[in-house]
$ cat target.csv   # CSV, C-alpha atoms and all ligand atoms
chain,number,residue,atom,x,y,z
A,1,MET,CA,0.0,0.0,0.0
A,2,ALA,CA,1.7,3.3,-1.1
A,3,THR,CA,2.1,6.1,1.4
A,4,LYS,CA,1.5,9.6,-0.1
A,5,ARG,CA,4.2,12.0,1.1
A,6,HIS,CA,4.6,15.7,0.2
A,7,HIS,CA,6.0,15.2,-3.3
A,8,PHE,CA,6.2,11.5,-3.8
A,9,GLU,CA,4.7,8.1,-2.8
A,10,LEU,CA,6.6,5.5,-0.9
A,11,ALA,CA,5.8,1.9,-2.0
A,12,LYS,CA,7.0,-1.6,-2.0
A,13,GLY,CA,8.8,-2.7,-5.1
A,14,ILE,CA,10.3,-6.0,-6.4
A,15,ASN,CA,11.3,-8.3,-3.6
A,16,GLY,CA,9.7,-5.9,-1.1
A,17,LEU,CA,12.4,-3.3,-1.6
A,18,ASP,CA,11.3,0.2,-0.8
A,19,LYS,CA,10.7,2.4,-3.9
A,20,ILE,CA,9.7,6.0,-4.5
A,21,VAL,CA,7.1,6.8,-7.1
A,22,LEU,CA,7.0,10.3,-8.6
A,23,ARG,CA,3.9,11.3,-10.6
A,24,GLU,CA,3.4,14.3,-12.8
A,25,SER,CA,0.0,15.6,-13.7
A,26,ARG,CA,-0.1,14.5,-17.3
A,27,GLY,CA,0.6,10.9,-16.6
A,28,ARG,CA,4.4,10.9,-16.6
A,29,SER,CA,6.1,9.0,-13.8
A,30,ALA,CA,9.4,7.9,-12.4
A,31,GLU,CA,10.5,5.2,-9.9
A,32,VAL,CA,13.5,5.3,-7.6
A,33,TYR,CA,14.6,2.4,-5.4
A,34,LEU,CA,16.2,3.3,-2.0
A,35,TYR,CA,18.5,0.4,-2.8
A,36,GLY,CA,21.2,2.3,-4.7
A,37,SER,CA,19.0,5.4,-5.0
A,38,HIS,CA,18.5,3.8,-8.3
A,39,VAL,CA,16.1,5.2,-10.9
A,40,THR,CA,14.5,2.1,-12.5
A,41,SER,CA,11.7,3.7,-14.5
A,42,TRP,CA,10.9,7.0,-16.3
A,43,LYS,CA,7.7,7.1,-18.4
A,44,ASN,CA,6.3,9.7,-20.7
A,45,GLU,CA,2.7,10.9,-20.9
A,46,ASN,CA,1.7,7.8,-23.0
A,47,GLY,CA,3.1,5.5,-20.3
A,48,GLU,CA,6.0,4.5,-22.5
A,49,GLU,CA,9.2,3.4,-20.7
A,50,LEU,CA,12.2,5.6,-21.6
A,51,LEU,CA,14.9,3.7,-19.7
A,52,HIS,CA,16.1,0.1,-20.3
A,53,LEU,CA,15.8,-2.3,-17.4
A,54,SER,CA,17.5,-5.7,-18.1
A,55,SER,CA,15.1,-8.5,-18.7
A,56,LYS,CA,17.2,-10.4,-16.1
A,57,ALA,CA,17.7,-7.6,-13.6
A,58,ILE,CA,18.2,-8.8,-10.1
A,59,PHE,CA,16.6,-6.8,-7.2
A,60,LYS,CA,18.6,-8.4,-4.4
A,61,PRO,CA,21.4,-6.7,-2.5
A,62,PRO,CA,24.4,-6.8,-2.8
A,63,LYS,CA,23.9,-7.3,-6.6
A,64,PRO,CA,23.5,-3.9,-8.3
A,65,ILE,CA,20.3,-3.5,-10.4
A,66,ARG,CA,21.1,-3.8,-14.1
A,67,GLY,CA,19.5,-1.0,-16.0
A,68,GLY,CA,17.8,2.3,-15.3
A,69,ILE,CA,20.3,4.8,-13.8
A,70,PRO,CA,23.0,3.2,-11.5
A,71,LEU,CA,25.1,5.7,-9.6
A,72,CYS,CA,28.9,5.1,-9.9
A,73,PHE,CA,30.6,6.5,-6.8
A,74,PRO,CA,33.2,6.9,-5.3
A,75,GLN,CA,34.8,5.1,-8.3
A,76,PHE,CA,33.9,4.7,-12.0
A,77,SER,CA,34.6,1.2,-13.3
A,78,ASN,CA,38.0,-0.1,-12.2
A,79,PHE,CA,39.6,3.4,-11.9
A,80,GLY,CA,40.7,2.4,-8.4
A,81,THR,CA,40.9,-0.4,-5.9
A,82,LEU,CA,37.2,-0.6,-5.0
A,83,GLU,CA,34.6,-2.9,-6.6
A,84,SER,CA,33.6,-2.0,-10.2
A,85,HIS,CA,31.7,1.4,-10.2
A,86,GLY,CA,32.1,1.8,-6.4
A,87,PHE,CA,29.6,1.0,-3.6
A,88,ALA,CA,26.9,3.7,-3.8
A,89,ARG,CA,24.8,1.6,-6.2
A,90,ASN,CA,24.5,-1.3,-3.7
A,91,ARG,CA,23.8,0.5,-0.5
A,92,ILE,CA,20.4,1.2,1.0
A,93,TRP,CA,19.8,5.0,1.0
A,94,GLU,CA,17.6,7.0,3.3
A,95,ILE,CA,14.9,9.6,2.5
A,96,ASP,CA,16.5,13.0,3.4
A,97,ALA,CA,13.9,14.7,5.6
A,98,SER,CA,15.6,18.1,5.8
A,99,PRO,CA,17.8,18.6,2.7
A,100,PRO,CA,19.6,22.0,2.4
A,101,PRO,CA,17.8,24.2,-0.1
A,102,LEU,CA,18.6,23.4,-3.8
A,103,PRO,CA,18.1,26.3,-6.1
A,104,SER,CA,16.6,24.8,-9.3
A,105,ASN,CA,15.8,26.3,-12.7
A,106,SER,CA,13.2,23.7,-13.4
A,107,CYS,CA,9.9,23.7,-11.6
A,108,SER,CA,8.7,20.3,-10.3
A,109,ASN,CA,6.1,19.2,-7.8
A,110,ALA,CA,7.3,15.6,-8.0
A,111,PHE,CA,10.7,15.1,-6.4
A,112,VAL,CA,12.5,13.3,-3.6
A,113,ASP,CA,15.7,13.8,-1.7
A,114,LEU,CA,17.8,10.8,-0.7
A,115,ILE,CA,21.0,10.6,1.3
A,116,LEU,CA,23.8,8.2,1.7
A,117,ARG,CA,26.5,8.3,4.5
A,118,PRO,CA,29.2,5.7,4.9
A,119,THR,CA,28.8,2.7,7.2
A,120,GLU,CA,31.6,1.5,9.5
A,121,ASP,CA,32.2,-1.2,6.8
A,122,ASP,CA,32.4,1.4,4.1
A,123,LEU,CA,35.0,3.4,6.1
A,124,LYS,CA,37.2,0.3,6.2
A,125,ILE,CA,37.3,0.1,2.4
A,126,TRP,CA,37.1,3.9,1.7
A,127,PRO,CA,38.2,5.8,4.8
A,128,HIS,CA,36.3,9.0,4.2
A,129,ASN,CA,33.2,10.6,5.7
A,130,PHE,CA,30.8,12.1,3.2
A,131,GLU,CA,27.2,13.0,2.7
A,132,PHE,CA,25.9,12.2,-0.7
A,133,ARG,CA,22.6,13.9,-1.4
A,134,LEU,CA,20.6,13.1,-4.5
A,135,ARG,CA,17.5,14.9,-5.6
A,136,VAL,CA,15.4,13.1,-8.3
A,137,ALA,CA,12.8,15.4,-9.9
A,138,LEU,CA,10.2,14.9,-12.6
A,139,GLY,CA,9.5,18.2,-14.3
A,140,THR,CA,6.3,19.6,-15.7
A,141,GLU,CA,7.5,18.9,-19.2
A,142,GLY,CA,8.4,15.3,-18.3
A,143,GLU,CA,12.1,16.0,-18.0
A,144,LEU,CA,14.0,13.9,-15.4
A,145,THR,CA,16.6,15.7,-13.3
A,146,LEU,CA,19.1,14.1,-11.0
A,147,THR,CA,21.2,16.5,-8.8
A,148,SER,CA,24.0,15.0,-6.7
A,149,ARG,CA,25.6,17.0,-3.9
A,150,ILE,CA,28.6,15.3,-2.3
A,151,ARG,CA,30.2,16.9,0.7
A,152,ASN,CA,33.4,15.9,2.5
A,153,THR,CA,32.5,15.6,6.2
A,154,ASN,CA,35.9,14.3,7.3
A,155,SER,CA,36.8,15.6,10.8
A,156,ASP,CA,40.5,14.7,10.4
A,157,GLY,CA,41.2,17.4,7.8
A,158,LYS,CA,41.7,14.9,5.1
A,159,PRO,CA,40.6,15.7,1.5
A,160,PHE,CA,39.2,12.9,-0.7
A,161,THR,CA,39.1,12.2,-4.4
A,162,PHE,CA,36.5,10.4,-6.4
A,163,THR,CA,35.3,9.6,-9.9
A,164,PHE,CA,31.6,9.6,-10.8
A,165,ALA,CA,29.0,8.6,-13.4
A,166,TYR,CA,25.3,8.5,-14.0
A,167,HIS,CA,25.3,5.1,-15.8
A,168,THR,CA,22.1,5.7,-17.7
A,169,TYR,CA,20.6,2.8,-19.8
A,170,PHE,CA,18.4,4.4,-22.4
A,171,SER,CA,15.6,2.3,-24.1
A,172,VAL,CA,16.0,2.4,-27.9
A,173,SER,CA,14.0,0.7,-30.7
A,174,ASP,CA,17.0,-0.8,-32.5
A,175,ILE,CA,20.7,-0.1,-31.5
A,176,SER,CA,21.8,-0.4,-35.1
A,177,GLU,CA,19.4,2.4,-36.1
A,178,VAL,CA,20.2,5.1,-33.4
A,179,ARG,CA,22.8,7.8,-33.7
A,180,VAL,CA,24.5,9.9,-31.0
A,181,GLU,CA,25.2,13.6,-31.7
A,182,GLY,CA,27.5,16.0,-29.8
A,183,LEU,CA,30.6,13.8,-29.5
A,184,GLU,CA,32.0,14.2,-33.0
A,185,THR,CA,35.7,15.0,-33.3
A,186,LEU,CA,36.3,14.5,-29.5
A,187,ASP,CA,39.1,12.5,-27.9
A,188,TYR,CA,38.1,9.3,-26.2
A,189,LEU,CA,39.7,6.4,-24.3
A,190,ASP,CA,38.8,3.1,-25.8
A,191,ASN,CA,38.1,0.5,-23.0
A,192,LEU,CA,38.4,-2.2,-25.6
A,193,LYS,CA,41.9,-1.1,-26.5
A,194,ASN,CA,43.6,-0.7,-23.1
A,195,ARG,CA,42.1,2.7,-22.8
A,196,GLU,CA,44.3,4.0,-25.6
A,197,ARG,CA,43.4,7.6,-26.6
A,198,PHE,CA,41.8,8.2,-30.1
A,199,THR,CA,39.9,11.0,-31.8
A,200,GLU,CA,36.3,10.5,-32.9
A,201,GLN,CA,35.5,11.0,-36.6
A,202,GLY,CA,33.4,13.9,-37.7
A,203,ASP,CA,30.0,12.3,-38.1
A,204,ALA,CA,27.3,11.2,-35.6
A,205,ILE,CA,28.2,8.0,-33.7
A,206,THR,CA,26.4,4.8,-34.9
A,207,PHE,CA,26.6,1.2,-33.6
A,208,GLU,CA,27.5,-2.0,-35.3
A,209,SER,CA,29.6,-3.8,-32.7
A,210,GLU,CA,30.6,-3.7,-29.0
A,211,THR,CA,31.3,-0.1,-27.9
A,212,ASP,CA,32.9,1.0,-24.6
A,213,LYS,CA,34.4,4.5,-24.9
A,214,ILE,CA,35.0,7.4,-22.5
A,215,TYR,CA,34.6,10.7,-24.3
A,216,LEU,CA,36.7,13.5,-22.7
A,217,SER,CA,35.6,17.1,-22.1
A,218,THR,CA,32.4,16.9,-24.0
A,219,PRO,CA,29.8,19.6,-24.6
A,220,THR,CA,27.1,19.9,-21.9
A,221,LYS,CA,24.4,18.6,-24.3
A,222,ILE,CA,24.4,15.3,-26.1
A,223,ALA,CA,21.5,13.9,-28.2
A,224,ILE,CA,20.5,10.3,-28.9
A,225,LEU,CA,18.3,10.0,-32.1
A,226,ASP,CA,16.0,7.1,-32.4
A,227,HIS,CA,14.5,7.3,-35.9
A,228,GLU,CA,12.1,4.4,-35.5
A,229,LYS,CA,10.5,5.8,-32.4
A,230,LYS,CA,10.8,9.4,-33.8
A,231,ARG,CA,12.3,10.3,-30.5
A,232,THR,CA,15.3,12.2,-29.4
A,233,PHE,CA,16.8,12.0,-26.0
A,234,VAL,CA,18.5,15.2,-24.9
A,235,ILE,CA,21.1,14.8,-22.2
A,236,ARG,CA,22.2,18.0,-20.4
A,237,LYS,CA,24.9,17.8,-17.8
A,238,ASP,CA,26.7,20.1,-15.4
A,239,GLY,CA,29.8,19.5,-13.3
A,240,LEU,CA,30.4,16.3,-15.3
A,241,ALA,CA,33.0,16.9,-18.0
A,242,ASP,CA,33.1,13.4,-19.6
A,243,ALA,CA,30.6,11.0,-21.2
A,244,VAL,CA,30.8,7.2,-21.5
A,245,VAL,CA,29.1,5.3,-24.4
A,246,TRP,CA,28.6,1.6,-23.9
A,247,ASN,CA,26.8,-1.2,-25.6
A,248,PRO,CA,28.1,-4.8,-24.9
A,249,TRP,CA,26.7,-6.2,-28.2
A,250,ASP,CA,26.1,-9.9,-28.5
A,251,LYS,CA,29.2,-11.7,-27.3
A,252,LYS,CA,29.8,-9.6,-24.2
A,253,SER,CA,26.1,-9.8,-23.4
A,254,LYS,CA,26.4,-13.5,-23.0
A,255,THR,CA,29.0,-13.1,-20.3
A,256,ILE,CA,26.8,-10.8,-18.2
A,257,SER,CA,24.5,-13.0,-16.2
A,258,ASP,CA,21.9,-10.4,-15.3
A,259,LEU,CA,21.6,-9.1,-18.9
A,260,GLY,CA,19.3,-10.9,-21.4
A,261,ASP,CA,21.1,-12.1,-24.6
A,262,GLU,CA,18.9,-9.9,-26.8
A,263,ASP,CA,18.8,-6.8,-24.4
A,264,TYR,CA,21.7,-5.1,-26.1
A,265,LYS,CA,19.5,-4.5,-29.2
A,266,HIS,CA,17.2,-2.2,-27.2
A,267,MET,CA,19.6,-0.4,-24.9
A,268,LEU,CA,22.3,2.2,-25.1
A,269,CYS,CA,24.3,3.6,-22.2
A,270,VAL,CA,25.3,7.2,-22.5
A,271,GLU,CA,26.7,8.2,-19.1
A,272,ALA,CA,27.4,11.7,-17.8
A,273,ALA,CA,30.6,11.3,-15.9
A,274,ALA,CA,33.7,12.8,-14.2
A,275,ILE,CA,36.6,10.5,-14.9
A,276,GLU,CA,39.6,12.1,-16.6
A,277,ARG,CA,39.9,14.8,-13.9
A,278,PRO,CA,38.8,13.2,-10.6
A,279,ILE,CA,37.0,15.4,-8.1
A,280,THR,CA,39.0,16.3,-5.0
A,281,LEU,CA,37.1,17.9,-2.0
A,282,LYS,CA,38.7,19.3,1.2
A,283,PRO,CA,36.7,18.9,4.4
A,284,GLY,CA,33.6,21.1,4.2
A,285,GLU,CA,33.7,21.4,0.5
A,286,GLU,CA,30.8,20.2,-1.7
A,287,TRP,CA,30.6,19.1,-5.4
A,288,LYS,CA,27.4,19.2,-7.5
A,289,GLY,CA,26.8,17.1,-10.5
A,290,ARG,CA,23.5,17.6,-12.4
A,291,LEU,CA,21.9,15.5,-15.1
A,292,GLU,CA,18.7,16.5,-17.0
A,293,LEU,CA,17.1,14.1,-19.4
A,294,SER,CA,14.4,15.0,-21.9
A,295,ALA,CA,12.7,12.9,-24.5
A,296,VAL,CA,11.4,15.0,-27.4
A,297,PRO,CA,9.4,13.8,-30.4
A,298,SER,CA,11.5,14.0,-33.5
A,299,SER,CA,10.5,13.5,-37.1
A,300,TYR,CA,14.0,13.3,-38.6
A,301,SER,CA,12.8,12.8,-42.1
A,302,SER,CA,10.8,16.1,-42.3
A,303,GLY,CA,13.8,17.8,-40.8
A,304,GLN,CA,11.6,19.3,-38.2
A,305,LEU,CA,14.2,18.4,-35.6
A,306,ASP,CA,17.7,19.1,-36.7
A,307,PRO,CA,20.0,17.5,-34.1
A,308,LYS,CA,22.4,20.4,-34.5
A,309,LYS,CA,19.5,22.7,-33.3
A,310,VAL,CA,18.9,20.3,-30.4
A,311,LEU,CA,22.5,20.7,-29.3
A,312,GLU,CA,22.6,24.5,-29.7
B,401,LIG,O1,30.2,2.2,-18.3
B,401,LIG,C1,30.7,1.2,-19.1
B,401,LIG,C2,31.2,0.1,-18.2
B,401,LIG,O2,32.2,0.5,-17.4
B,401,LIG,C3,31.6,-1.1,-19.1
B,401,LIG,O3,33.0,-1.3,-19.2
B,401,LIG,C4,30.9,-2.3,-18.5
B,401,LIG,O4,31.6,-2.9,-17.6
B,401,LIG,C5,29.7,-1.6,-17.9
B,401,LIG,O5,30.2,-0.4,-17.4
B,401,LIG,C6,28.9,-2.4,-16.9
B,401,LIG,O6,29.5,-2.5,-15.7
B,401,LIG,P1,28.9,-3.4,-14.5
B,401,LIG,O7,29.9,-3.2,-13.4
B,401,LIG,O8,27.5,-2.7,-14.2
B,401,LIG,O9,28.7,-4.7,-15.0

$ encode --input "target.csv" --output "structure tokens" --more "lines below"
Ligand code: TA6
Amino acid sequence: MATKRHHFELAKGINGLDKIVLRESRGRSAEVYLYGSHVTSWKNENGEELLHLSSKAIFKPPKPIRGGIPLCFPQFSNFGTLESHGFARNRIWEIDASPPPLPSNSCSNAFVDLILRPTEDDLKIWPHNFEFRLRVALGTEGELTLTSRIRNTNSDGKPFTFTFAYHTYFSVSDISEVRVEGLETLDYLDNLKNRERFTEQGDAITFESETDKIYLSTPTKIAILDHEKKRTFVIRKDGLADAVVWNPWDKKSKTISDLGDEDYKHMLCVEAAAIERPITLKPGEEWKGRLELSAVPSSYSSGQLDPKKVLE
């Protein structure tokens, strides 16, 4: 039975895990599990799911949920000694009853504030005190905004350094038909080639094989064009210089136990991230990383929506 709170509902999700349901007046919705502060659903006014959730996703700690928007903190991938993508995505977060005010330029009545602090066990593997606040908001135009605020609360005067990503799994009609705009001519590290550095060619990015690239110092806007669905995802990011593009394709998919063999055809990860230049915070300092996702109808053929216009 859902409990109606000020701007959200608290409900029981898969395996009885607590989840937050955000609803916007015109039928849009989003769901966030307290486990990992993990957005698992974002739906438009027609009730269409915009995020990809693996057909074999496991909702059982300590396994991270495969799909939606996992949070990678305090470490992206294996850029450090912790488990892949850090531990924030497999911890139970709390509802933040009194978050510090968050100036926002988008109006939303549907939002929730969540908070993570390290446990004694976390301090053994990453000896730093922090407060990680996340606001998830569903805007009046259906846009989904995630705002992270990470504060160093060490009392021993020690700074700490971290890398970060919003590991977003977008739902697409057919991976071989989508294009990504906004990353042309940029340098990237290829995770399939020992993170060697390359420069992207001048055209939009398309997909015909496994892709795992970290684009460096990207523009703040990136677009994913899904012709078949006549839909463009617009990704706006602040405080997150880099962007990771990942699709495991067929072979790698078979090695990932909680990803269906065919899932790769209908998913694309484009992840707003801070990797190349890790974030360092002294005690008392706070970092903010904001992600805003919109899904806009696009009729590419009629040229109504020119991707270049989207990115301006
Ligand atoms: O973000 C891309 C990536 O780092 C890939 O290398 C791949 O490992 C993917 O994340 C999934 O990672 P996970 O730890 O969730 O299996």

$ closest_residue --input "target.csv" --among "A:Ile256, A:Ala137, A:Leu53, A:Ala274" --to "ligand LIG 401 (chain B)" --atoms "only C-alpha atoms and all ligand atoms"
A:Ile256

$ atom_distance --input "target.csv" --atom1 "CA of Glu48 in chain A" --atom2 "CA of Ser209 in chain A"
27.0 Å

$ closest_residue --input "target.csv" --among "A:His85, A:Lys124, A:Arg290, A:Lys254" --to "ligand LIG 401 (chain B)" --atoms "all atoms listed in the file"
A:His85

$ closest_residue --input "target.csv" --among "A:Leu138, A:Ile65, A:Val32, A:Ile205" --to "ligand LIG 401 (chain B)" --atoms "all atoms listed in the file"
A:Ile65

$ residues_near_ligand --input "target.csv" --ligand "ligand LIG 401 (chain B)" --cutoff "10 Å" --atoms "all atoms listed in the file" --output "PyMOL selection string"
chain A and resi 63-67+70-72+76-79+83-86+89+165-169+190-192+211-214+243-248+252+255-259+269-273

$ residues_around --input "target.csv" --residues "Leu144 in chain A" --least-positions-apart "3" --cutoff "12 Å" --atoms "only C-alpha atoms" --output "ChimeraX atom specification"
/A:22-24,28-32,39,41-44,50-51,69,106-108,110-112,135-141,147,168,233-237,290-295

$ atom_distance --input "target.csv" --atom1 "CA of His38 in chain A" --atom2 "CA of Gly68 in chain A"
7.2 Å

$ closest_residue --input "target.csv" --among "A:Leu34, A:Ala241, A:Leu216, A:Val172" --to "Glu228 in chain A" --atoms "only C-alpha atoms"
A:Val172

$ atom_distance --input "target.csv" --atom1 "CA of Ser176 in chain A" --atom2 "CA of Glu45 in chain A"
26.3 Å

$ closest_residue --input "target.csv" --among "A:Glu9, A:Asp18, A:Asp263, A:Asp156" --to "Pro283 in chain A" --atoms "all atoms listed in the file"
A:Asp156

$ closest_residue --input "target.csv" --among "A:Thr220, A:Asn109, A:Gln75, A:Ser55" --to "Trp126 in chain A" --atoms "only C-alpha atoms"
A:Gln75
